[in-house]
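File shown here: model21.pdb, holding PDB, C-alpha atoms.
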ATOM      1  CA  MET F  23      66.625  89.990 118.659
ATOM      2  CA  ALA F  24      67.023  93.778 118.890
ATOM      3  CA  ARG F  25      68.779  93.326 122.202
ATOM      4  CA  LYS F  26      71.217  90.978 120.439
ATOM      5  CA  TYR F  27      72.031  93.657 117.855
ATOM      6  CA  ALA F  28      72.327  96.379 120.491
ATOM      7  CA  VAL F  29      74.725  94.204 122.478
ATOM      8  CA  VAL F  30      76.727  93.490 119.310
ATOM      9  CA  LEU F  31      76.992  97.202 118.473
ATOM     10  CA  ILE F  32      78.055  98.093 122.010
ATOM     11  CA  ALA F  33      80.588  95.262 121.928
ATOM     12  CA  LEU F  34      81.945  96.580 118.612
ATOM     13  CA  PHE F  35      82.447 100.007 120.154
ATOM     14  CA  VAL F  36      84.238  98.536 123.180
ATOM     15  CA  VAL F  37      86.424  96.411 120.887
ATOM     16  CA  ALA F  38      87.268  99.467 118.752
ATOM     17  CA  VAL F  39      88.361 101.400 121.845
ATOM     18  CA  ALA F  40      90.383  98.433 123.114
ATOM     19  CA  VAL F  41      92.022  97.850 119.740
ATOM     20  CA  THR F  42      92.976 101.512 119.516
ATOM     21  CA  SER F  43      94.702 101.200 122.889
ATOM     22  CA  VAL F  44      96.486  98.019 121.813
ATOM     23  CA  VAL F  45      97.520  99.572 118.487
ATOM     24  CA  GLN F  46      98.981 102.539 120.328
ATOM     25  CA  GLY F  47     100.875 100.220 122.669
ATOM     26  CA  VAL F  48     102.139  97.876 119.937
ATOM     27  CA  LEU F  49     103.027 100.426 117.289
ATOM     28  CA  GLY F  50     104.457 103.001 119.632
ATOM     29  CA  PRO F  51     104.030 106.753 119.725
ATOM     30  CA  ALA F  52     105.996 107.422 116.517
ATOM     31  CA  ARG F  53     103.728 105.243 114.321
ATOM     32  CA  VAL F  54     100.576 106.493 116.007
ATOM     33  CA  ALA F  55     101.720 110.086 115.480
ATOM     34  CA  GLN F  56     102.365 109.307 111.818
ATOM     35  CA  ALA F  57      98.904 107.719 111.452
ATOM     36  CA  ALA F  58      97.313 110.669 113.248
ATOM     37  CA  GLU F  59      98.306 113.049 110.483
ATOM     38  CA  GLU F  60      95.758 115.857 110.284
ATOM     39  CA  ILE F  61      93.068 115.631 107.644
ATOM     40  CA  LYS F  62      90.963 118.601 106.581
ATOM     41  CA  SER F  63      87.503 118.471 108.017
ATOM     42  CA  GLY F  64      84.198 120.174 107.376
ATOM     43  CA  GLY F  65      83.513 119.992 111.113
ATOM     44  CA  ASN F  66      84.846 121.901 114.069
ATOM     45  CA  GLY F  67      88.396 120.655 113.949
ATOM     46  CA  PRO F  68      90.886 118.512 112.115
ATOM     47  CA  GLU F  69      90.198 114.814 111.858
ATOM     48  CA  LYS F  70      93.058 112.528 112.786
ATOM     49  CA  ALA F  71      93.590 109.113 111.288
ATOM     50  CA  ILE F  72      94.330 106.881 114.276
ATOM     51  CA  ILE F  73      94.606 103.592 112.367
ATOM     52  CA  SER F  74      95.168 102.656 108.730
ATOM     53  CA  THR F  75      92.358 102.308 106.208
ATOM     54  CA  ALA F  76      92.814  98.523 106.168
ATOM     55  CA  GLU F  77      92.451  98.476 109.963
ATOM     56  CA  VAL F  78      89.303 100.628 109.772
ATOM     57  CA  MET F  79      87.891  98.091 107.329
ATOM     58  CA  LYS F  80      88.738  95.077 109.491
ATOM     59  CA  LEU F  81      87.935  96.550 112.921
ATOM     60  CA  LEU F  82      84.907  98.730 112.176
ATOM     61  CA  VAL F  83      83.441  98.229 108.709
ATOM     62  CA  ASP F  84      83.517  94.393 108.594
ATOM     63  CA  PRO F  85      81.666  93.875 111.912
ATOM     64  CA  THR F  86      79.154  96.596 111.032
ATOM     65  CA  TYR F  87      78.550  94.997 107.649
ATOM     66  CA  GLU F  88      78.025  91.581 109.294
ATOM     67  CA  THR F  89      75.476  93.129 111.652
ATOM     68  CA  LEU F  90      73.746  94.737 108.656
ATOM     69  CA  LYS F  91      73.783  91.427 106.759
ATOM     70  CA  ASP F  92      72.113  89.670 109.704
ATOM     71  CA  ALA F  93      69.535  92.449 110.069
ATOM     72  CA  VAL F  94      68.590  92.554 106.365
ATOM     73  CA  GLU F  95      68.438  88.784 105.894
ATOM     74  CA  ASN F  96      64.684  88.593 106.538
ATOM     75  CA  PRO F  97      61.968  91.215 106.081
ATOM     76  CA  PRO F  98      61.711  93.165 109.343
ATOM     77  CA  GLN F  99      58.332  92.708 111.023
ATOM     78  CA  LYS F 100      58.690  94.069 114.520
ATOM     79  CA  ARG F 101      59.816  97.486 115.671
ATOM     80  CA  ALA F 102      62.994  95.969 117.160
ATOM     81  CA  GLU F 103      63.905  94.382 113.810
ATOM     82  CA  TRP F 104      63.427  97.692 112.000
ATOM     83  CA  ARG F 105      65.564  99.407 114.633
ATOM     84  CA  ALA F 106      68.375  96.851 114.304
ATOM     85  CA  LEU F 107      68.339  97.318 110.525
ATOM     86  CA  TYR F 108      68.221 101.118 110.901
ATOM     87  CA  VAL F 109      71.166 101.192 113.329
ATOM     88  CA  ALA F 110      73.274  98.905 111.136
ATOM     89  CA  ALA F 111      72.488 100.778 107.898
ATOM     90  CA  TYR F 112      73.231 104.223 109.326
ATOM     91  CA  SER F 113      76.344 102.965 111.118
ATOM     92  CA  LEU F 114      77.664 101.741 107.778
ATOM     93  CA  ALA F 115      76.690 105.056 106.158
ATOM     94  CA  GLU F 116      78.692 106.992 108.758
ATOM     95  CA  LEU F 117      81.662 104.672 108.334
ATOM     96  CA  THR F 118      81.444 105.370 104.607
ATOM     97  CA  ASN F 119      81.736 109.076 105.435
ATOM     98  CA  LEU F 120      84.843 108.258 107.433
ATOM     99  CA  MET F 121      86.344 106.421 104.466
ATOM    100  CA  TYR F 122      85.827 109.543 102.340
ATOM    101  CA  SER F 123      88.159 111.517 104.602
ATOM    102  CA  ARG F 124      90.936 108.923 104.743
ATOM    103  CA  GLY F 125      94.316 109.785 103.245
ATOM    104  CA  ASP F 126      96.829 107.186 104.435
ATOM    105  CA  GLU F 127      96.980 105.347 101.099
ATOM    106  CA  GLU F 128      98.352 106.824  97.868
ATOM    107  CA  PHE F 129      95.190 105.979  95.892
ATOM    108  CA  GLN F 130      93.148 108.088  98.317
ATOM    109  CA  HIS F 131      94.677 111.217  96.818
ATOM    110  CA  THR F 132      93.291 110.572  93.327
ATOM    111  CA  PRO F 133      90.155 111.861  91.600
ATOM    112  CA  GLU F 134      89.092 108.219  91.082
ATOM    113  CA  TRP F 135      89.048 107.658  94.860
ATOM    114  CA  THR F 136      87.063 110.838  95.413
ATOM    115  CA  GLU F 137      84.485 109.712  92.842
ATOM    116  CA  GLU F 138      84.279 106.215  94.339
ATOM    117  CA  ALA F 139      83.953 107.547  97.885
ATOM    118  CA  LYS F 140      81.155 109.897  96.811
ATOM    119  CA  ARG F 141      79.353 107.106  94.937
ATOM    120  CA  SER F 142      79.686 104.815  97.967
ATOM    121  CA  GLN F 143      78.258 107.502 100.244
ATOM    122  CA  GLU F 144      75.276 107.903  97.939
ATOM    123  CA  ILE F 145      74.624 104.154  97.621
ATOM    124  CA  VAL F 146      74.894 103.401 101.336
ATOM    125  CA  THR F 147      72.821 106.476 102.220
ATOM    126  CA  LYS F 148      70.153 105.337  99.749
ATOM    127  CA  LEU F 149      69.999 102.006 101.589
ATOM    128  CA  ALA F 150      69.845 103.703 104.991
ATOM    129  CA  ASP F 151      67.159 106.129 103.837
ATOM    130  CA  SER F 152      65.055 103.275 102.432
ATOM    131  CA  VAL F 153      65.280 101.571 105.818
ATOM    132  CA  ARG F 154      64.329 104.800 107.623
ATOM    133  CA  ALA F 155      61.281 105.122 105.359
ATOM    134  CA  GLN F 156      60.448 101.463 106.020
ATOM    135  CA  ALA F 157      60.253 100.954 102.274
ATOM    136  CA  ASP F 158      59.125  97.736 100.657
ATOM    137  CA  TYR F 159      61.530  94.918 101.541
ATOM    138  CA  ALA F 160      62.299  94.293  97.854
ATOM    139  CA  GLU F 161      63.563  97.894  97.565
ATOM    140  CA  ILE F 162      65.656  97.572 100.729
ATOM    141  CA  LYS F 163      67.088  94.278  99.492
ATOM    142  CA  ALA F 164      67.941  95.813  96.086
ATOM    143  CA  ASN F 165      69.628  98.772  97.786
ATOM    144  CA  TYR F 166      71.548  96.377 100.029
ATOM    145  CA  MET F 167      72.723  94.415  96.984
ATOM    146  CA  ALA F 168      73.868  97.697  95.402
ATOM    147  CA  VAL F 169      76.018  98.271  98.512
ATOM    148  CA  VAL F 170      77.487  94.762  98.204
ATOM    149  CA  GLN F 171      78.301  95.334  94.537
ATOM    150  CA  ASP F 172      79.799  98.782  95.150
ATOM    151  CA  CYS F 173      81.998  97.568  98.027
ATOM    152  CA  ASN F 174      83.326  94.658  95.996
ATOM    153  CA  GLU F 175      84.018  96.864  92.959
ATOM    154  CA  CYS F 176      85.886  99.361  95.146
ATOM    155  CA  HIS F 177      87.963  96.597  96.744
ATOM    156  CA  ARG F 178      88.863  95.186  93.321
ATOM    157  CA  LYS F 179      89.768  98.618  91.968
ATOM    158  CA  PHE F 180      91.780  99.992  94.896
ATOM    159  CA  GLU F 181      92.909  96.775  96.643
ATOM    160  CA  PRO F 182      93.074  98.241 100.158
ATOM    161  CA  GLY F 183      94.782  95.179 101.653
ATOM    162  CA  GLU F 184      93.485  91.773 102.646
ATOM    163  CA  ILE F 185      89.763  92.450 102.290
ATOM    164  CA  ASP F 186      87.407  89.513 101.783
ATOM    165  CA  GLU F 187      84.687  89.677  99.152
ATOM    166  CA  ILE F 188      81.406  90.933 100.559
ATOM    167  CA  VAL F 189      78.618  88.383 100.189
ATOM    168  CA  PRO F 190      74.866  88.526 100.827
ATOM    169  CA  PRO F 191      73.179  86.321 103.450
ATOM    170  CA  THR F 192      73.587  82.622 102.680
ATOM    171  CA  SER F 193      69.843  82.060 103.135
ATOM    172  CA  TRP F 194      69.265  84.076  99.965
ATOM    173  CA  GLY F 195      70.841  81.260  97.964
ATOM    174  CA  ASP F 196      73.042  81.883  94.970
ATOM    175  CA  VAL F 197      71.962  85.481  94.491
ATOM    176  CA  GLN F 198      74.410  87.562  92.500
ATOM    177  CA  ALA F 199      75.940  90.609  94.151
ATOM    178  CA  LYS F 200      74.373  92.777  91.519
ATOM    179  CA  ALA F 201      71.426  95.050  92.001
ATOM    180  CA  PRO F 202      68.980  96.287  89.393
ATOM    181  CA  SER F 203      70.450  99.227  87.483
ATOM    182  CA  ASP F 204      67.962 101.675  88.990
ATOM    183  CA  SER F 205      69.271 100.860  92.497
ATOM    184  CA  ILE F 206      72.791 101.981  91.711
ATOM    185  CA  ILE F 207      73.440 105.681  91.559
ATOM    186  CA  GLN F 208      75.261 106.420  88.346
TER
END
Hey, can you dump this file as structure tokens for me?
Amino acid sequence: MARKYAVVLIALFVVAVAVTSVVQGVLGPARVAQAAEEIKSGGNGPEKAIISTAEVMKLLVDPTYETLKDAVENPPQKRAEWRALYVAAYSLAELTNLMYSRGDEEFQHTPEWTEEAKRSQEIVTKLADSVRAQADYAEIKANYMAVVQDCNECHRKFEPGEIDEIVPPTSWGDVQAKAPSDSIIQ
């Protein structure tokens, strides 16, 4: 099972690289240059937006979320299951960091976006940290549901394109995408 998740994550990386090449070929150098507008960074150099926020969501965030959803569906028992959950949770956390630095949409230059991006970072990091600590499954599940709720609220508020509603695993039944209030960072 862990091998399946590792293969999926490697495949996602390969697809992201391939899509970037295709995007550059289809859109042409002028559009790519426009999308690669420099963004201030806390790191060693300027970050460059290569694709739009909507494309980041579809090409990187959606597949990572699906991997996370599969990994969190059942309580992890084996080391490989914990690892798959850990990789998926921290991958999503890092993608959330990436979303914080985006600036290709007008709404991303507002204080509301900054607050939402910070809240999302905190919620996804709380999930990832609970996985790292191998917390009780009920806590991990509640933190996961907080991520689902936060993502859906952000999509409704900012409408970043054709983004489908995030849903929990179907095996959980008709569970509401709402976590207990203590799981959501206020």
- Query: Which distance in Å separates CA of Lys140 (chain F) and CA of Met121 (chain F), to one decimal?
  - Reply: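 Rounded to one decimal, the two atoms are 9.9 Å apart.
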- One-decimal distance in Å that lies between CA of Lys100 (chain F) and CA of Tyr112 (chain F): 18.5 Å
- Task: Find, counting all atoms listed in the file, the residue in F:Glu175, F:Asp196, F:Glu137, F:Glu181 that gets nearest to Met79 (chain F).
- Result: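 Selected residue with least distance to Met79 (chain F): F:Glu181.
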Within 12 Å of Gln99 (chain F) using all atoms listed in the file, minus same-chain residues under 5 positions, as a PDB file with C-alpha atoms, keeping the file's coordinate frame:
ATOM      1  CA  MET F  23      66.625  89.990 118.659  1.00  0.00           C
ATOM      2  CA  ALA F  24      67.023  93.778 118.890  1.00  0.00           C
ATOM      3  CA  ALA F  93      69.535  92.449 110.069  1.00  0.00           C
ATOM      4  CA  VAL F  94      68.590  92.554 106.365  1.00  0.00           C
ATOM      5  CA  TRP F 104      63.427  97.692 112.000  1.00  0.00           C
ATOM      6  CA  ARG F 105      65.564  99.407 114.633  1.00  0.00           C
ATOM      7  CA  ALA F 106      68.375  96.851 114.304  1.00  0.00           C
ATOM      8  CA  LEU F 107      68.339  97.318 110.525  1.00  0.00           C
ATOM      9  CA  GLN F 156      60.448 101.463 106.020  1.00  0.00           C
ATOM     10  CA  ASP F 158      59.125  97.736 100.657  1.00  0.00           C
ATOM     11  CA  TYR F 159      61.530  94.918 101.541  1.00  0.00           C
TER      12      TYR F 159
END
- Task: Determine the residue set returned by the PyMOL selection byres ((chain F and resi 186) around 12) for the present structure, and present it as a PyMOL selection string.
- Result: chain F and resi 76+79-80+83-84+87+170+173-178+181-185+187-189
For region 165-170 of chain F, I'd like the enclosing box, axis-aligned and padded by 4 Å on every side, reported as lines of an AutoDock Vina configuration file with centre and edge lengths in Å to one decimal.
center_x = 73.6
center_y = 96.6
center_z = 97.7
size_x = 15.9
size_y = 12.4
size_z = 12.6
- Target residues per the PyMOL selection byres ((chain F and resi 122) around 10), formatted as a list in words: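 Selection result, ordered by chain and number: Glu116, Leu117, Thr118, Asn119, Leu120, Met121, Ser123, Arg124, Gly125, Gln130, Trp135, Thr136, Glu137, Glu138, Ala139, Lys140, Ser142 and Gln143 of chain F.
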- Item | Atom pair CA of Phe180 (chain F) / CA of Tyr108 (chain F): separation (Å) |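 CA of Phe180 (chain F) sits 28.5 Å away from CA of Tyr108 (chain F).
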